[in-house]
Structures are given as C-alpha cells and as structure tokens.
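Okay, structure first, notes after.
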Amino acid sequence: MASTSVYSSFELLFISSLLFFSQYFILSEAQGLPPIVKGLSWTFFDSSCSKLESIVRKRLEKVFKDDIGQAAGLLRLHFHDCFVQGCDGSVLLDGSAGGPSEKTAIPNLTLRKESFKIIEDLRERVHKECGKIVSCSDIAALAARDAVVLTGGPNYVVPLGRRDGLNFATENATLNNLVAPTANTTTLLNRLSTKGFDATDVVALSGAHTIGISHCTSFTERLYPNQDSTMDKTFANNLKGSCPKADSNNTVNLDIRSPNIFDNKYYVDLMNRQGLFTSDQDLFTDQRTRNIVTSFAKDQKVFFDNFVNAMIKMGQLNVLTGGQGEIRAKCDRRNNDKKVDIATVVEELEETFSALF
Ligand code: HEM
C-alpha cells in the first residue's frame with residue numbers, strides 16, 4: 001500500500017504547475033507591476049539565451065562610460081518605437097524606395113544616430129551568442145531599461161518575447177502618435193489616454209526628461225518673439241544665451257539640476273518654472289497634474305515606482321508575439337529586404353556556429 005507521504009504523479013503535476021504559474025504571479029502581482037500581455041514573458045530567454053541581459057548590460061556600461069549622453073538617446077528611441085505602431089522595432093527600419101520612412105519623420109530626426117548603431121551592435125553580440133532568436137524590439141526595450149538603471153534610476157524587469165514588425169509607419173502616423181513639445185496638458189492627457197495611460201502615467205513618463213538634451217528649435221517658440229510668462233526669468237535668459245535665435249542649431253540640457261542623473265530633479269525644475277517644453281511646464285500649471293508633480297518632487301521613490309509601472313506598460317504597447325512579425329537579422333531592414341552581401345553571409349555563419357558550439 002502506498003504511503004500517504006508519497007505524492008501521486010497527479011499531485012506532483014498539480015503542485016509543479018502551481019509553482020510554475022506562481023513565479024509569474026510573484027513577479028508581476030507581488031511587485032505591484034502591471035500585468036503582461038499574452039505572448040510576452042518575464043522568463044522568455046531564461047533557458048534559450050541566459051546571457052542576454054548581461055551581454056546588453058555589460059556593453060552599455062562601457063558605452064555610457066565613454067559617453068553618458070547615449071543613455072538618454074536609447075531611452076527616447078524605445079519611447080518613439082512603442083508610441084508609433086507599437087514596440088515592434090519599426091523606428092529602426094530604413095526607408096524603402098517606396099517613400100519616406102518612420103525614421104525620417106520630423107520627431108525622429110532628432111533621435112541620435114548613434115542610438116541606432118548601439119542597438120545594431122547589441123543585436124550582433126546577442127545573435128553571436130544565442131543565434132537569431134532575440135528581436136531588435138526586445139533589445140531596444142532592454143537598452144532603455146539599462147539606460148535608466150545606469151544613470152541612477154530604478155531597476156525593473158522587462159517582459160520579453162516581442163517580434164519585429166514587417167513594416168514601418170507613414171510620416172503622418174508618426175506625427176499623430178508622438179505629441180509635440182508645444183502641447184499642453186489637456187492634449188497630453190487626451191492623446192496618451194488613447195494608449196491606456198492615466199494622468200499619473202503621463203507625469204511619470206515625462207520624468208524621462210530628467211536626462212538628455214534638446215535642440216533649440218524644440219522650445220524656442222517659448223522665447224521668441226514673446227517670452228512665455230510661465231517661465232522663470234533667469235532660466236529664460238540663460239536659454240536665450242544658448243539659443244540666440246529661434247532656429248539656432250545648439251542643444252541644451254533638459255534637466256538643469258542634474259542633466260545626466262536619473263532622479264526626481266526634473267519635477268523640482270517644474271516647481272521652479274524651469275521646465276523646458278510647454279508639455280513639461282504645463283504639468284505643474286494644470287490643476288489635474290500639479291499634485292502629482294509635487295508628490296514626485298517630494299519623494300523620489302514615489303516617482304520611481306510610478307515610472308517603472310508606466311515603462312512596463314509602454315513597453316507592451318501593441319507588441320507582436322508568437323508567429324507574428326519576425327526576428328530581424330539586421331535591425332534596419334526586414335529579412336526579405338536583406339542585401340546579400342558577403343559581410344552578412346559571414347556574420348550569419350559565425351552566429352550559427354557560435355550558437356551551436
Ligand atoms: C509625452 C510627451 C513628450 C514630448 C512632447 C517629448 C518631447 C521631446 C522633445 C521635443 C525632445 C528633444 C528633441 C530634440 O530637440 O533633440 C525630447 C527629448 C527626450 N525625450 Fe521626450 N517627449 C515626451 C515624452 C517622453 C517619454 C515618454 C520618454 C521616455 C520614456 C522621453 C524621453 C526623452 C529623452 C530621454 C530625451 C533626451 C534625448 C537625448 O538626449 O537624445 N520623452 N523629448
């Protein structure tokens with residue numbers, strides 16, 4: 001007779017399924033993280049490419065040591081990818097002869113050229129280690145997370161399993177999905193609510209402007225011909241020094257207090273009327289978002305928790321999963337568009353061999 005302490009295979013199966021599903025529950029629910037969409041997983045590459053995250057992290061540590069500004073570029077790249085047609089790597093695609101691409105639409109022209117090269121370099125390193133199984137959109141999501149962490153921001157888990165899109169958006173679709181810096185809070189709240197973001201998410205996501213730079217042309221409408229009355233006078237004078245004309249070709253820091261550190265000083269800037277864009281400063285002027293700005297300025301942890309929440313949501317916008325899309329062999333082109341050049345063939349052979357042995 002079987003002892004009562006011995007589990008039947010049915011019981012074992014039941015217990016192991018409970019354990020299997022509980023790890024997802026533990027990761028997302030217990031940490032208070034947003035739910036993940038079907039097809040993505042917190043452990044997607046744990047067995048098939050266990051070194052993925054360390055390859056990306058180690059490489060970016062070196063890249064940022066040489067130029068910390070690249071962190072901001074990568075964070076913005078992921079945002080521009082996700083808001084237009086979903087996080088499908090479409091912003092990385094070069095245009096075809098058929099017309100201008102998402103990449104060359106006005107808001108994307110100020111993405112850093114270096115950011116595209118960094119993503120492609122990461123892809124090459126990852127594919128060399130694991131074969132062609134990780135998408136460019138997953139790599140962009142991990143790079144954005146590491147940009148936040150390596151500049152002093154919060155660490156967070158990134159659900160993975162995105163596939164790369166087969167086409168890019170039109171210029172119009174790109175413009176319609178990325179809000180202009182001249183937008184006020186009403187426009188911001190309305191436009192972002194269509195993507196599932198509430199007022200707290202909007203204020204938290206805007207906090208990404210705690211790192212990075214802007215070109216003069218993105219905000220000089222607040223200086224010329226008339227100075228925006230909501231702008232601190234000394235701040236405005238300094239900006240005029242950096243941007244003597246409305247179309248000056250210079251750049252300024254987004255967060256005057258700590259431009260290269262991911263912290264809550266951006267909200268302190270807003271409270272001192274030193275926000276760079278109308279879309280930033282109006283978050284403090286508008287009664288619907290003012291208290292959220294103040295609470296983030298007072299308590300960095302509150303900002304970090306809400307930022308992580310909003311980033312995980314953003315990183316899952318309209319993702320392609322399962323059999324949708326493809327895993328690109330080069331981030332700037334669809335697999336079908338691949339030019340058959342000798343360098344590509346050699347690289348693919350190398351990747352196949354290193355993944356096998
Ligand atoms: C919600 C409305 C937003 C508007 C209107 C906006 C607008 C802008 C503009 C105009 C620039 C400067 C571009 C230039 O002239 O070079 C910029 C930079 C930047 N944005 Fe945003 N943005 C928004 C949201 C976000 C979000 C959600 C993120 C990321 C989660 C983000 C991350 C960044 C970063 C890191 C930079 C600096 C980039 C660099 O240094 O290369 N922005 N943004």
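Following the order of the structure tokens, first chain is A, next is B, and so on, with residues numbered from 1 inside each chain and ligands from 1 in the order they appear.
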*Nearby residues, ligand 1, 7 Å, only C-alpha atoms and all ligand atoms, as a PyMOL selection string*: chain A and resi 69-70+72-73+75-76+79+110-112+179-183+188+202+205-206+208-209+211-218+279+311
*Would you mind listing what lies within 9 Å of Ile106 in chain A as a count of residues only, with only C-alpha atoms counted and same-chain residues fewer than 4 positions away left out?*
5
_Can you pull out the residues contacting range 286-292 of chain A? Cut-off 9 Å, using only C-alpha atoms, and skip same-chain residues under 2 positions away; I want them as a list of chain:residue names._
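The residues satisfying every condition are A:Asn184, A:Thr185, A:Thr186, A:Ala199, A:Thr200, A:Val202, A:Val203, A:Ala204, A:Met271, A:Gln281, A:Asp282, A:Leu283, A:Phe284, A:Thr294, A:Ser295, A:Phe296, A:Ala297.
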Residues from the last selection, N, CA and C atoms, saved as a CSV table (one decimal), in the first residue's frame:
chain,number,residue,atom,x,y,z
A,184,ASN,N,-0.2,71.2,-24.6
A,184,ASN,CA,-0.5,71.5,-23.2
A,184,ASN,C,-0.9,70.2,-22.6
A,185,THR,N,-1.3,70.3,-21.3
A,185,THR,CA,-1.6,69.1,-20.5
A,185,THR,C,-2.9,68.4,-21.0
A,186,THR,N,-3.9,69.3,-21.5
A,186,THR,CA,-5.1,68.7,-22.0
A,186,THR,C,-4.8,67.8,-23.2
A,199,ALA,N,-3.3,60.1,-15.8
A,199,ALA,CA,-2.6,61.3,-15.5
A,199,ALA,C,-1.3,61.0,-14.8
A,200,THR,N,-1.3,60.0,-13.9
A,200,THR,CA,-0.1,59.7,-13.1
A,200,THR,C,1.0,59.1,-14.1
A,202,VAL,N,1.2,59.8,-17.3
A,202,VAL,CA,1.7,60.8,-18.1
A,202,VAL,C,2.8,61.6,-17.4
A,203,VAL,N,2.6,62.0,-16.1
A,203,VAL,CA,3.5,62.7,-15.4
A,203,VAL,C,4.8,61.9,-15.2
A,204,ALA,N,4.6,60.6,-14.9
A,204,ALA,CA,5.8,59.7,-14.6
A,204,ALA,C,6.6,59.6,-15.9
A,271,MET,N,8.6,72.8,-10.6
A,271,MET,CA,8.1,73.6,-9.5
A,271,MET,C,8.7,75.0,-9.4
A,281,GLN,N,6.3,72.0,-18.6
A,281,GLN,CA,5.9,73.0,-17.6
A,281,GLN,C,4.4,73.0,-17.3
A,282,ASP,N,3.6,72.7,-18.3
A,282,ASP,CA,2.1,72.8,-18.1
A,282,ASP,C,1.7,71.7,-17.1
A,283,LEU,N,2.5,70.7,-16.9
A,283,LEU,CA,2.1,69.6,-15.9
A,283,LEU,C,2.0,70.2,-14.5
A,284,PHE,N,2.8,71.3,-14.3
A,284,PHE,CA,2.7,72.0,-13.0
A,284,PHE,C,1.7,73.0,-12.9
A,294,THR,N,4.2,67.5,-7.7
A,294,THR,CA,4.7,67.9,-6.3
A,294,THR,C,5.0,66.6,-5.5
A,295,SER,N,4.2,65.6,-5.7
A,295,SER,CA,4.5,64.3,-4.9
A,295,SER,C,5.7,63.7,-5.4
A,296,PHE,N,6.0,63.7,-6.7
A,296,PHE,CA,7.2,63.1,-7.3
A,296,PHE,C,8.4,64.0,-6.9
A,297,ALA,N,8.3,65.3,-6.8
A,297,ALA,CA,9.4,66.2,-6.4
A,297,ALA,C,9.8,65.9,-5.0
*asked:* So that I can check the surroundings of Val91 in chain A, please list as number ranges by chain every protein, DNA and RNA residue that reaches within 7 Å of it, counting only C-alpha atoms and ignoring chain neighbours fewer than 5 positions away.
replied: A: 81, 102-103, 168
Given the selection you just returned, output its residues as a file containing N, CA and C atoms, formatted as an mmCIF file, in the first residue's frame.
data_model
loop_
_atom_site.group_PDB
_atom_site.id
_atom_site.type_symbol
_atom_site.label_atom_id
_atom_site.label_comp_id
_atom_site.auth_asym_id
_atom_site.auth_seq_id
_atom_site.Cartn_x
_atom_site.Cartn_y
_atom_site.Cartn_z
ATOM 1 N N ASP A 81 9.729 54.152 -30.550
ATOM 2 C CA ASP A 81 9.359 52.877 -31.166
ATOM 3 C C ASP A 81 7.956 52.477 -30.701
ATOM 4 N N GLU A 102 9.292 56.009 -41.273
ATOM 5 C CA GLU A 102 9.028 56.467 -39.913
ATOM 6 C C GLU A 102 10.283 57.158 -39.353
ATOM 7 N N LYS A 103 11.438 56.566 -39.688
ATOM 8 C CA LYS A 103 12.726 57.061 -39.189
ATOM 9 C C LYS A 103 12.980 58.517 -39.597
ATOM 10 N N PHE A 168 7.014 49.812 -41.552
ATOM 11 C CA PHE A 168 7.102 50.998 -40.703
ATOM 12 C C PHE A 168 5.905 51.905 -40.948
#
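Distances here use only C-alpha atoms; by that measure, the residue among A:Ala147, A:Ile327, A:Ile261, A:Ile256 closest to Val63 in chain A is A:Ala147.
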_Which residue is closest to Gly315 in chain A? Choose from A:Asp67, A:Glu53, A:His78, A:Asp46 and count only C-alpha atoms._
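Comparing A:Asp67, A:Glu53, A:His78, A:Asp46 against Gly315 in chain A, the winner is A:His78.
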*Two-atom distance - CA of Asn190 in chain A, CA of Tyr156 in chain A (Å)*: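 So the two atoms, CA of Asn190 in chain A and CA of Tyr156 in chain A, lie 27.5 Å apart.
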*Quick one: residues within 7 Å of range 228-239 of chain A, only C-alpha atoms counted, chain neighbours fewer than 3 positions away excluded, as a PyMOL selection string?*
chain A and resi 222-223+242-243+273-274
*Rounded to one decimal in Å, what is the spacing between CA of Asp299 in chain A and CA of Leu150 in chain A?*
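Distance reported for this atom pair: 20.3 Å.
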Quick one: residues within 10 Å of Ala310 in chain A, only C-alpha atoms counted, chain neighbours fewer than 2 positions away excluded, as an mmCIF file with C-alpha atoms, in the first residue's frame?
data_model
loop_
_atom_site.group_PDB
_atom_site.id
_atom_site.type_symbol
_atom_site.label_atom_id
_atom_site.label_comp_id
_atom_site.auth_asym_id
_atom_site.auth_seq_id
_atom_site.Cartn_x
_atom_site.Cartn_y
_atom_site.Cartn_z
ATOM 1 C CA LEU A 33 3.765 45.584 -11.571
ATOM 2 C CA PRO A 34 1.269 45.865 -14.416
ATOM 3 C CA GLY A 196 -4.156 53.442 -21.855
ATOM 4 C CA PHE A 197 -2.163 55.944 -19.781
ATOM 5 C CA ASP A 198 -3.727 57.936 -16.929
ATOM 6 C CA THR A 200 -0.082 59.657 -13.135
ATOM 7 C CA ASP A 201 1.453 57.669 -16.014
ATOM 8 C CA VAL A 202 1.736 60.839 -18.123
ATOM 9 C CA VAL A 203 3.547 62.742 -15.374
ATOM 10 C CA ALA A 204 5.790 59.744 -14.620
ATOM 11 C CA LEU A 205 6.722 59.133 -18.272
ATOM 12 C CA PHE A 304 10.486 55.667 -9.410
ATOM 13 C CA ASP A 305 7.615 53.260 -8.598
ATOM 14 C CA ASN A 306 5.261 55.067 -10.955
ATOM 15 C CA PHE A 307 7.904 55.387 -13.664
ATOM 16 C CA VAL A 308 8.590 51.629 -13.604
ATOM 17 C CA ILE A 312 6.385 48.329 -18.319
ATOM 18 C CA LYS A 313 3.015 49.416 -19.728
ATOM 19 C CA MET A 314 4.663 51.437 -22.501
ATOM 20 C CA GLY A 315 6.984 48.560 -23.389
#
*Quick one: pull the distance between CA of Leu93 in chain A and CA of Asp121 in chain A, Å, one decimal.*
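That distance, rounded to one decimal, is 15.0 Å.
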*Using only C-alpha atoms, which of the listed residues (A:Gly322, A:Pro100, A:Gly275, A:Gly161) sits closest to Cys49 in chain A?*
A:Gly161
*Rank nothing, just name the residue among A:Ala143, A:Leu77, A:Ala71, A:Ala329 nearest to Pro107 in chain A, using only C-alpha atoms.*
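Closest to Pro107 in chain A of all the choices is A:Leu77.
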*Nearest candidate to Thr321 in chain A (options A:Lys301, A:Arg334, A:Arg163, A:Lys245; using only C-alpha atoms)*: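 Comparing A:Lys301, A:Arg334, A:Arg163, A:Lys245 against Thr321 in chain A, the winner is A:Arg163.
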_Which of A:Cys82, A:Leu189, A:Ile68, A:Ala105 sits closest to Leu317 in chain A [using only C-alpha atoms]_ =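 Of A:Cys82, A:Leu189, A:Ile68, A:Ala105, the one nearest Leu317 in chain A is A:Cys82, counting only C-alpha atoms.
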*Please identify which residues in range 26-161 of chain A DSSP calls helix (DSSP H, G or I) from the backbone, and express them as a PyMOL selection string.*
chain A and resi 26-30+52-66+69-83+90-92+102-104+106-109+113-130+136-150
*Residue neighbourhood Arg328 in chain A, 9 Å, only C-alpha atoms, exclusion window fewer than 5 positions, as number ranges by chain*: A: 132-136, 163-165, 333-335
